[in-house]
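Here is the structure we will look at.
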Amino acid sequence: MSVLAVTTVFAAAALALPARADHRPSGDALPAVPPRAETPTLHDDDAGGNADADDPAIWRNAAAPDRSLVIATAKEGGLRAYDLDARPVQSIPAPPATGDGEAPGRFNNVDLVQRLRLSTGEADLAVTSDRGHDQLRFYRIDRDRAGGPLTDVTDPDAPTVFAKDQAEVDEQRTAYGLATWTDPSSGKGYALVSRRERTSIALLELLPAADGKVTYRKVRTLDLPDTFRLPDGTSWSPCAEPGELPQVEGMVVDPADGTLYAGQEDVGIWRMSADLTGTPKLIDKVREYGVPGTYDEQTEECTLGDDPGYGGTKLTADVEGLTLVTESDGDGYVLASSQGDNTFAAYDRERGDDNEYEGSFRVTPAGPTLDGSEECDGAAALHAPLGSKYPNGLLVVQDGHDAPGDADRPSTNFKFVDLGKVLDSLD
């Protein structure tokens, strides 16, 4: 099958917006929602297998909702499956390096595809972005399989997503953020994949291969802006290490209308068609938008200048894990992790209301041994009954600093939050 590769590049965006006004409560006054459970701590060091919690997805077992799963990435630690009590069910290692001096597998983001047509029949799949190898990997979900619910069904000949050769893979400007989408008009399954340290997003069609395996082909790519025109006529780019562009990680597709929401970490949230046609719209910006900065090579940090006031008021960089809360009447929310101030912002799901801001909340400690979420990377919501534990649905968020933990080791995990409590806080 031939590959259609179409790249759309946007010039500097002209966004002459009025001065900002903050219409949300201060951080301390925001609603606080505690978690009900948390997964075991992961440690990103040699002793912990370089496992670092990043991004979750929620698979609902329609036959037995209380036996549903949370499937989550642990970067070099691979892929983990948990039950609704946050207990480990299965751990799958990331693939090893293919050669000396090359990067090992590193699972960044995960999403689900339901009832994808394979050569052996339909199946639910967990799809991960393997940043180490610049590939997607696929795991068939079978809750009652004796060896564990996840089985690797990746075609061994699956191509790289962005890199032309191993030298480009070694640079690690590779597959990063991930969202899946099923086109209701054709029934075809797709993955939207962003590129680390670049502004690119690729649309990949998911394809059956021999023996129940899965592969993909690139349909087209789109490049978001990396330079922006400010209201005072100057141009601005987010401060970063030389050579790095403002990347996208958090993404989610609304299945009702095929709208992709993508978080460009130091810029804001974009709305666009999931088929990557048309012109994206920036629906909200981070507070730091337009703030000049200088990168210090010694400290490897940016020193920011005076804030000209062109940024937003709800998101503090980085904007990270995006997820969708759907309601039966077509209403609902797009939730975004405002990583810089440890909050979550909610936007109206309906495009007719221009995705207006609806409120924010924090995931705060439930007690001395069950902490909240800080510097959240990934998030996943499912507004559907999940047995007696979560009859109103579930929100799973990554915690970038698990406590009490071990102060001398990097400690991360996932928090399970009653989605009903979140919706109550927003209402």
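Identifiers in this document derive from the order of the structure tokens: chains are assigned A, B, ..., residues are numbered from 1 separately in each chain, and ligands are numbered from 1 in order of occurrence.
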Pick out the residues sitting within 6 Å of A:Lys213, and hand them over as a PyMOL selection string; count only C-alpha atoms, and ignore anything fewer than 2 positions along from it in its own chain. chain A and resi 153-155+209-211
Kindly export the residues of the current selection with N, CA and C atoms, as a CSV table (one decimal), in the first residue's frame.
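Saved as out-v1.csv:
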```csv
chain,number,residue,atom,x,y,z
A,153,VAL,N,1.1,-8.0,20.1
A,153,VAL,CA,0.7,-8.4,18.7
A,153,VAL,C,1.3,-7.4,17.7
A,154,THR,N,2.5,-6.8,18.0
A,154,THR,CA,3.1,-5.9,17.1
A,154,THR,C,3.8,-6.6,16.0
A,155,ASP,N,3.5,-6.2,14.8
A,155,ASP,CA,4.2,-6.7,13.6
A,155,ASP,C,5.7,-6.5,13.7
A,209,ALA,N,-1.9,-7.2,10.1
A,209,ALA,CA,-0.8,-8.0,9.5
A,209,ALA,C,-1.1,-9.4,9.7
A,210,ALA,N,-0.1,-10.3,9.2
A,210,ALA,CA,-0.3,-11.7,9.3
A,210,ALA,C,-0.4,-12.2,10.8
A,211,ASP,N,-1.1,-13.3,11.0
A,211,ASP,CA,-1.2,-14.0,12.3
A,211,ASP,C,-1.7,-13.1,13.4
```
Identify, on the basis of only C-alpha atoms, every residue whose closest approach to A:Tyr139 does not exceed 8 Å; exclude the query and any residue fewer than 4 positions from it along the same chain; express the result as a list in words.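 In the requested form, the answer reads Leu125, Ala126, Val127, Leu150, Thr151, Asp152, Val153 and Thr154 of chain A.
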Would you please work out which residue, of A:Leu112, A:Leu118, A:Ala336, A:Leu79, is nearest to A:Gly212 when using only C-alpha atoms?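 When distances to A:Gly212 are compared using only C-alpha atoms, the smallest one comes from A:Leu118.
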Tell me which protein, DNA and RNA residues are within 10 Å of stretch 300-303 of chain A, counting only C-alpha atoms, leaving out same-chain ones fewer than 3 positions away, and put them as an mmCIF file with C-alpha atoms, in the first residue's frame.
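Saved the output as out_14.cif:
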```
data_model
loop_
_atom_site.group_PDB
_atom_site.id
_atom_site.type_symbol
_atom_site.label_atom_id
_atom_site.label_comp_id
_atom_site.auth_asym_id
_atom_site.auth_seq_id
_atom_site.Cartn_x
_atom_site.Cartn_y
_atom_site.Cartn_z
ATOM 1 C CA PRO A 238 9.209 29.470 24.106
ATOM 2 C CA CYS A 239 12.597 29.295 25.787
ATOM 3 C CA ALA A 240 14.247 25.904 25.352
ATOM 4 C CA GLU A 241 17.586 24.187 24.960
ATOM 5 C CA PRO A 292 10.868 36.123 26.973
ATOM 6 C CA GLY A 293 13.492 33.740 28.259
ATOM 7 C CA THR A 294 17.202 32.959 27.999
ATOM 8 C CA TYR A 295 18.572 29.435 28.229
ATOM 9 C CA ASP A 296 21.534 28.973 30.593
ATOM 10 C CA GLU A 297 23.720 26.082 29.416
#
```
DSSP strand (DSSP E) residues within stretch 238-396 of chain A, listed as a PyMOL selection string: chain A and resi 248-254+259-264+268-273+281-285+293-296+301-304+319-326+332-338+343-348+357-363+379-382+394-396
So that I can see what lies close to A:Trp181, please list as a VMD selection string the residues with an atom at most 8 Å from it, counting only C-alpha atoms and leaving out residues fewer than 2 positions away in the same chain. chain A and resid 113 179 183 189 to 192 253 255 258 274
Which residues are close to A:Pro93, i.e. within 8 Å by only C-alpha atoms, leaving aside same-chain residues fewer than 3 positions away? Reply as a PyMOL selection string. chain A and resi 76-79
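The environment of A:Ser328 within 12 Å, counting only C-alpha atoms and disregarding residues fewer than 6 places along the same chain, consists of Ala256, His383 and Ala384 of chain A.
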Dump as JSON lines the rows for residues of stretch 72-114 of chain A within 12 Å of stretch 144-148 of chain A: closest atom pair and distance in Å with one decimal, only C-alpha atoms counted, ordered by chain and rising residue number.
```
{"residue": "A:Arg80", "atom": "CA", "partner": "A:Gly148", "partner_atom": "CA", "distance": 10.8}
{"residue": "A:Ala81", "atom": "CA", "partner": "A:Gly148", "partner_atom": "CA", "distance": 9.0}
{"residue": "A:Tyr82", "atom": "CA", "partner": "A:Gly148", "partner_atom": "CA", "distance": 10.9}
{"residue": "A:Asp83", "atom": "CA", "partner": "A:Gly148", "partner_atom": "CA", "distance": 11.8}
{"residue": "A:Pro88", "atom": "CA", "partner": "A:Gly148", "partner_atom": "CA", "distance": 10.7}
{"residue": "A:Val89", "atom": "CA", "partner": "A:Gly148", "partner_atom": "CA", "distance": 7.1}
{"residue": "A:Gln90", "atom": "CA", "partner": "A:Gly148", "partner_atom": "CA", "distance": 5.9}
{"residue": "A:Ser91", "atom": "CA", "partner": "A:Gly148", "partner_atom": "CA", "distance": 8.8}
{"residue": "A:Ile92", "atom": "CA", "partner": "A:Gly148", "partner_atom": "CA", "distance": 9.7}
```
Name all residues at most 6 Å from A:Arg196 (count only C-alpha atoms; drop same-chain ones fewer than 4 positions away) and give them as number ranges by chain. A: 173-174, 176, 247
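Distances from A:Ser235, A:Asp66, A:Tyr333, A:Glu122 to A:Asp354 were compared using only C-alpha atoms, and the smallest one belongs to A:Tyr333.
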Work out how far apart atom CA of A:Ala381 and atom CA of A:Ala62 are and give it in Å to one decimal.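 Taking atom CA of A:Ala381 and atom CA of A:Ala62, their separation equals 16.3 Å.
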